[in-house]
Amino acid sequence: MKSAASASSSAATSFKLGSSRLLALAEQLRVYKPPLCSPFDEAEEMRAYQESTRKLVSHVGFQEPMAPVSLRPEKAAVLICLFEGDDGDLRVILTKRSSSLSSHSGEVSLPGGKAEEHDKDDGITATREAEEEIGLDPSLVDVVVFLEPFMSLHLLRVTPVVGILWDKDAFNPTPNPTEVEAVFDAPFEMFLKDENRRCEEIEWLGETHLIHFFDYKTGDDDYVIWGLTARILIRAATVIYQRPPAFIEEKPNLKYSKM
């Protein structure tokens, strides 16, 4: 591991390598204030979780008194790591999960995972998991903002953490084979466009939800980015590009918090 001094020096050097576009983006995001920022919103969040838990318990057939509605959901964080491509476009790092995993095997996801007890905040969780999964040194990533959390279908509270990779050439992907099958990047703006996108409606806990699927091909590989990962990227792109998507996103039923 690098020392604190060398990590700081590396981050400073990487910052100087950033383009004016990335510098402007970092400034923009550092002052972004997610809607979820008051005690009232926290109470709203807890009520939403309790209601979802009650519905889930009812749905799977457990007796309602056994529902752990007094407990907060498990926390997780994902890293939306952005960098500037060779053509000047903004790109995001994605992974294809290992086909041997017990859940979401073979699916496209953002680097990230569940919080550990010693994690000081969501940024630490996201960058620690990214290092474990794809070998991305946390000192290369400038964490600039946390977006409002989402709730997964398994009632996991997922916070998107936006970070900037100032020097993309300093990152050499080394996927952990037990967790990740492939590491790739995609144009970030695609999550606001209606090209190569389709959607399906699903019923979950008595409500209808719109699930987005983005088809992406790079080289000989074809990927499908969908579900919670797609929804998080749509929201992040909306914040960063400061415009809504060119398609109907639908009300955020799958989100943990209200917009």
# chains A, B, ... in the order shown; residues from 1 in each chain; ligands from 1
call {"tool": "closest_atom_pairs", "arguments": {"of": "segment 163-238 of chain A", "to": "segment 22-30 of chain A", "cutoff": "12 Å", "atoms": "only C-alpha atoms", "output": "tab-separated table"}}
result
residue	atom	partner	partner_atom	distance
A:Gly163	CA	A:Ala26	CA	8.8
A:Ile164	CA	A:Ala26	CA	7.6
A:Leu165	CA	A:Leu22	CA	9.2
A:Trp166	CA	A:Leu22	CA	7.7
A:Asp167	CA	A:Leu22	CA	10.8
A:Ala236	CA	A:Leu29	CA	10.6
A:Ala237	CA	A:Leu29	CA	11.7
call {"tool": "closest_atom_pairs", "arguments": {"of": "segment 98-198 of chain A", "to": "segment 239-252 of chain A", "cutoff": "10 Å", "atoms": "only C-alpha atoms", "output": "tab-separated table"}}
result
residue	atom	partner	partner_atom	distance
A:Leu147	CA	A:Val239	CA	9.0
A:Phe150	CA	A:Pro252	CA	9.2
A:Val162	CA	A:Ile240	CA	9.8
A:Phe188	CA	A:Tyr241	CA	9.6
A:Glu189	CA	A:Tyr241	CA	7.9
A:Met190	CA	A:Pro245	CA	9.4
A:Phe191	CA	A:Pro245	CA	7.3
A:Leu192	CA	A:Pro245	CA	4.1
A:Lys193	CA	A:Ala246	CA	5.4
A:Asp194	CA	A:Ala246	CA	5.8
A:Glu195	CA	A:Ala246	CA	9.3
A:Arg197	CA	A:Phe247	CA	9.3
call {"tool": "write_last_selection", "arguments": {"atoms": "C-alpha atoms", "output": "PDB file, in the first residue's frame"}}
result
ATOM      1  CA  LEU A 147     -25.934  10.961  -4.792  1.00  0.00           C
ATOM      2  CA  PHE A 150     -31.519   3.803  -3.957  1.00  0.00           C
ATOM      3  CA  VAL A 162     -19.259   9.745  -8.095  1.00  0.00           C
ATOM      4  CA  PHE A 188     -21.754   7.984 -19.961  1.00  0.00           C
ATOM      5  CA  GLU A 189     -24.153  10.048 -22.059  1.00  0.00           C
ATOM      6  CA  MET A 190     -25.727   6.878 -23.498  1.00  0.00           C
ATOM      7  CA  PHE A 191     -27.835   6.624 -20.344  1.00  0.00           C
ATOM      8  CA  LEU A 192     -29.764   9.717 -21.385  1.00  0.00           C
ATOM      9  CA  LYS A 193     -30.313   8.608 -24.994  1.00  0.00           C
ATOM     10  CA  ASP A 194     -33.082   6.460 -26.401  1.00  0.00           C
ATOM     11  CA  GLU A 195     -30.696   4.594 -28.694  1.00  0.00           C
ATOM     12  CA  ARG A 197     -32.500   1.046 -25.162  1.00  0.00           C
TER      13      ARG A 197
END
call {"tool": "residues_around", "arguments": {"residues": "Ala126 of chain A", "least_positions_apart": "6", "cutoff": "12 Å", "atoms": "only C-alpha atoms", "output": "PyMOL selection string"}}
result
chain A and resi 75-81+110-116+119-120+132-134+136-138+141-143+145-146+158-163
call {"tool": "write_last_selection", "arguments": {"atoms": "N, CA, C and O atoms", "output": "short mmCIF file (atom, residue, chain, number, x, y, z; two decimals), in the first residue's frame"}}
result
data_model
loop_
_atom_site.label_atom_id
_atom_site.label_comp_id
_atom_site.auth_asym_id
_atom_site.auth_seq_id
_atom_site.Cartn_x
_atom_site.Cartn_y
_atom_site.Cartn_z
N LYS A 75 -26.40 -1.26 4.40
CA LYS A 75 -25.88 -0.20 3.55
C LYS A 75 -24.87 -0.76 2.54
O LYS A 75 -24.12 -1.68 2.84
N ALA A 76 -24.88 -0.17 1.36
CA ALA A 76 -23.91 -0.51 0.32
C ALA A 76 -23.62 0.76 -0.47
O ALA A 76 -24.33 1.76 -0.37
N ALA A 77 -22.54 0.73 -1.24
CA ALA A 77 -22.19 1.88 -2.08
C ALA A 77 -21.58 1.37 -3.38
O ALA A 77 -20.92 0.33 -3.40
N VAL A 78 -21.84 2.09 -4.45
CA VAL A 78 -21.25 1.77 -5.75
C VAL A 78 -20.49 2.98 -6.26
O VAL A 78 -20.83 4.12 -5.96
N LEU A 79 -19.43 2.71 -7.03
CA LEU A 79 -18.58 3.79 -7.54
C LEU A 79 -18.91 4.07 -9.00
O LEU A 79 -18.79 3.20 -9.86
N ILE A 80 -19.33 5.30 -9.25
CA ILE A 80 -19.51 5.77 -10.63
C ILE A 80 -18.21 6.50 -10.98
O ILE A 80 -18.05 7.69 -10.70
N CYS A 81 -17.26 5.76 -11.52
CA CYS A 81 -15.93 6.30 -11.80
C CYS A 81 -15.89 6.83 -13.24
O CYS A 81 -16.00 6.07 -14.20
N LEU A 110 -21.87 -1.75 -11.42
CA LEU A 110 -20.85 -0.78 -11.04
C LEU A 110 -19.98 -1.40 -9.95
O LEU A 110 -20.47 -2.22 -9.16
N PRO A 111 -18.70 -1.05 -9.88
CA PRO A 111 -17.88 -1.56 -8.77
C PRO A 111 -18.50 -1.10 -7.45
O PRO A 111 -18.96 0.03 -7.34
N GLY A 112 -18.50 -1.98 -6.47
CA GLY A 112 -19.06 -1.59 -5.17
C GLY A 112 -19.53 -2.80 -4.39
O GLY A 112 -19.40 -3.94 -4.83
N GLY A 113 -20.09 -2.54 -3.23
CA GLY A 113 -20.56 -3.63 -2.39
C GLY A 113 -21.04 -3.13 -1.05
O GLY A 113 -21.19 -1.92 -0.83
N LYS A 114 -21.25 -4.07 -0.12
CA LYS A 114 -21.77 -3.74 1.20
C LYS A 114 -20.74 -3.02 2.05
O LYS A 114 -19.54 -3.26 1.94
N ALA A 115 -21.25 -2.14 2.91
CA ALA A 115 -20.38 -1.41 3.83
C ALA A 115 -19.85 -2.35 4.91
O ALA A 115 -20.54 -3.29 5.32
N GLU A 116 -18.62 -2.09 5.34
CA GLU A 116 -18.05 -2.81 6.46
C GLU A 116 -18.01 -1.90 7.68
O GLU A 116 -18.06 -0.67 7.55
N ASP A 119 -15.72 1.16 7.73
CA ASP A 119 -15.82 2.18 6.67
C ASP A 119 -16.34 3.49 7.27
O ASP A 119 -17.41 3.53 7.87
N LYS A 120 -15.60 4.57 7.05
CA LYS A 120 -15.99 5.86 7.62
C LYS A 120 -17.16 6.49 6.89
O LYS A 120 -17.96 7.22 7.48
N GLU A 132 -10.80 -3.91 -4.44
CA GLU A 132 -10.87 -5.36 -4.27
C GLU A 132 -11.34 -6.05 -5.55
O GLU A 132 -10.87 -7.13 -5.89
N GLU A 133 -12.27 -5.44 -6.25
CA GLU A 133 -12.87 -6.07 -7.42
C GLU A 133 -12.05 -5.91 -8.70
O GLU A 133 -11.92 -6.86 -9.48
N ILE A 134 -11.52 -4.69 -8.93
CA ILE A 134 -10.88 -4.44 -10.23
C ILE A 134 -9.48 -3.84 -10.11
O ILE A 134 -8.88 -3.44 -11.10
N LEU A 136 -8.52 -0.99 -8.70
CA LEU A 136 -8.47 0.46 -8.86
C LEU A 136 -7.98 1.10 -7.56
O LEU A 136 -8.69 1.09 -6.55
N ASP A 137 -6.77 1.63 -7.59
CA ASP A 137 -6.17 2.26 -6.41
C ASP A 137 -7.01 3.46 -5.99
O ASP A 137 -7.23 4.38 -6.78
N PRO A 138 -7.49 3.49 -4.74
CA PRO A 138 -8.32 4.62 -4.28
C PRO A 138 -7.64 5.98 -4.43
O PRO A 138 -8.32 6.99 -4.59
N VAL A 141 -8.62 7.97 -7.51
CA VAL A 141 -10.00 8.42 -7.66
C VAL A 141 -10.27 9.62 -6.76
O VAL A 141 -10.05 9.57 -5.55
N ASP A 142 -10.78 10.68 -7.36
CA ASP A 142 -11.16 11.88 -6.62
C ASP A 142 -12.67 11.82 -6.39
O ASP A 142 -13.46 12.08 -7.29
N VAL A 143 -13.08 11.44 -5.18
CA VAL A 143 -14.51 11.36 -4.87
C VAL A 143 -15.06 12.78 -4.74
O VAL A 143 -14.58 13.58 -3.94
N VAL A 145 -18.80 13.56 -5.06
CA VAL A 145 -20.17 13.73 -4.55
C VAL A 145 -20.81 12.37 -4.27
O VAL A 145 -20.48 11.37 -4.91
N PHE A 146 -21.71 12.36 -3.29
CA PHE A 146 -22.58 11.21 -3.05
C PHE A 146 -23.96 11.59 -3.56
O PHE A 146 -24.47 12.67 -3.23
N VAL A 158 -28.45 1.47 -1.32
CA VAL A 158 -27.26 1.62 -2.18
C VAL A 158 -27.03 3.11 -2.47
O VAL A 158 -27.88 3.78 -3.06
N THR A 159 -25.87 3.61 -2.07
CA THR A 159 -25.51 5.01 -2.33
C THR A 159 -24.54 5.10 -3.49
O THR A 159 -23.45 4.51 -3.44
N PRO A 160 -24.90 5.83 -4.56
CA PRO A 160 -23.96 6.04 -5.67
C PRO A 160 -22.92 7.10 -5.28
O PRO A 160 -23.26 8.18 -4.81
N VAL A 161 -21.66 6.76 -5.48
CA VAL A 161 -20.54 7.66 -5.19
C VAL A 161 -19.88 8.02 -6.51
O VAL A 161 -19.40 7.15 -7.23
N VAL A 162 -19.86 9.30 -6.83
CA VAL A 162 -19.26 9.74 -8.10
C VAL A 162 -17.80 10.13 -7.84
O VAL A 162 -17.50 10.94 -6.96
N GLY A 163 -16.92 9.51 -8.60
CA GLY A 163 -15.50 9.82 -8.49
C GLY A 163 -14.90 10.07 -9.86
O GLY A 163 -15.39 9.55 -10.87
#
call {"tool": "residues_around", "arguments": {"residues": "Thr95 of chain A", "least_positions_apart": "3", "cutoff": "12 Å", "atoms": "only C-alpha atoms", "output": "ChimeraX atom specification"}}
result
/A:78-81,92,98,105-112,130,133-135,173-177,179-186,223-225,229
call {"tool": "residues_around", "arguments": {"residues": "Leu90 of chain A", "least_positions_apart": "3", "cutoff": "8 Å", "atoms": "only C-alpha atoms", "output": "list in words"}}
result
Leu82, Phe83, Glu84, Gly85, Pro187, Phe188 and Glu189 of chain A
call {"tool": "atom_distance", "arguments": {"atom1": "atom CA of Asp86 of chain A", "atom2": "atom CA of Lys217 of chain A"}}
result
17.6 Å
call {"tool": "atom_distance", "arguments": {"atom1": "atom CA of Leu228 of chain A", "atom2": "atom CA of Phe213 of chain A"}}
result
10.2 Å
call {"tool": "atom_distance", "arguments": {"atom1": "atom CA of Lys33 of chain A", "atom2": "atom CA of Thr125 of chain A"}}
result
20.3 Å
call {"tool": "closest_residue", "arguments": {"among": "A:Asp87, A:Ser152, A:Arg198, A:Lys96", "to": "Asp221 of chain A", "atoms": "only C-alpha atoms"}}
result
A:Lys96
call {"tool": "closest_residue", "arguments": {"among": "A:Glu203, A:Phe171, A:Glu131, A:Asp89", "to": "Ser19 of chain A", "atoms": "only C-alpha atoms"}}
result
A:Asp89
call {"tool": "residues_around", "arguments": {"residues": "Pro73 of chain A", "least_positions_apart": "3", "cutoff": "7 Å", "atoms": "only C-alpha atoms", "output": "number ranges by chain"}}
result
A: 155-157
call {"tool": "write_last_selection", "arguments": {"atoms": "N, CA and C atoms", "output": "compact mmCIF listing (two decimals), in the first residue's frame"}}
result
# COMPACT_ATOMS: atom_id res chain seq x y z
N LEU A 155 -33.96 -4.89 -0.74
CA LEU A 155 -34.00 -3.93 0.36
C LEU A 155 -32.61 -3.58 0.89
N LEU A 156 -31.67 -3.42 -0.03
CA LEU A 156 -30.32 -2.97 0.29
C LEU A 156 -30.23 -1.49 -0.06
N ARG A 157 -29.77 -0.69 0.87
CA ARG A 157 -29.67 0.76 0.65
C ARG A 157 -28.35 1.04 -0.08
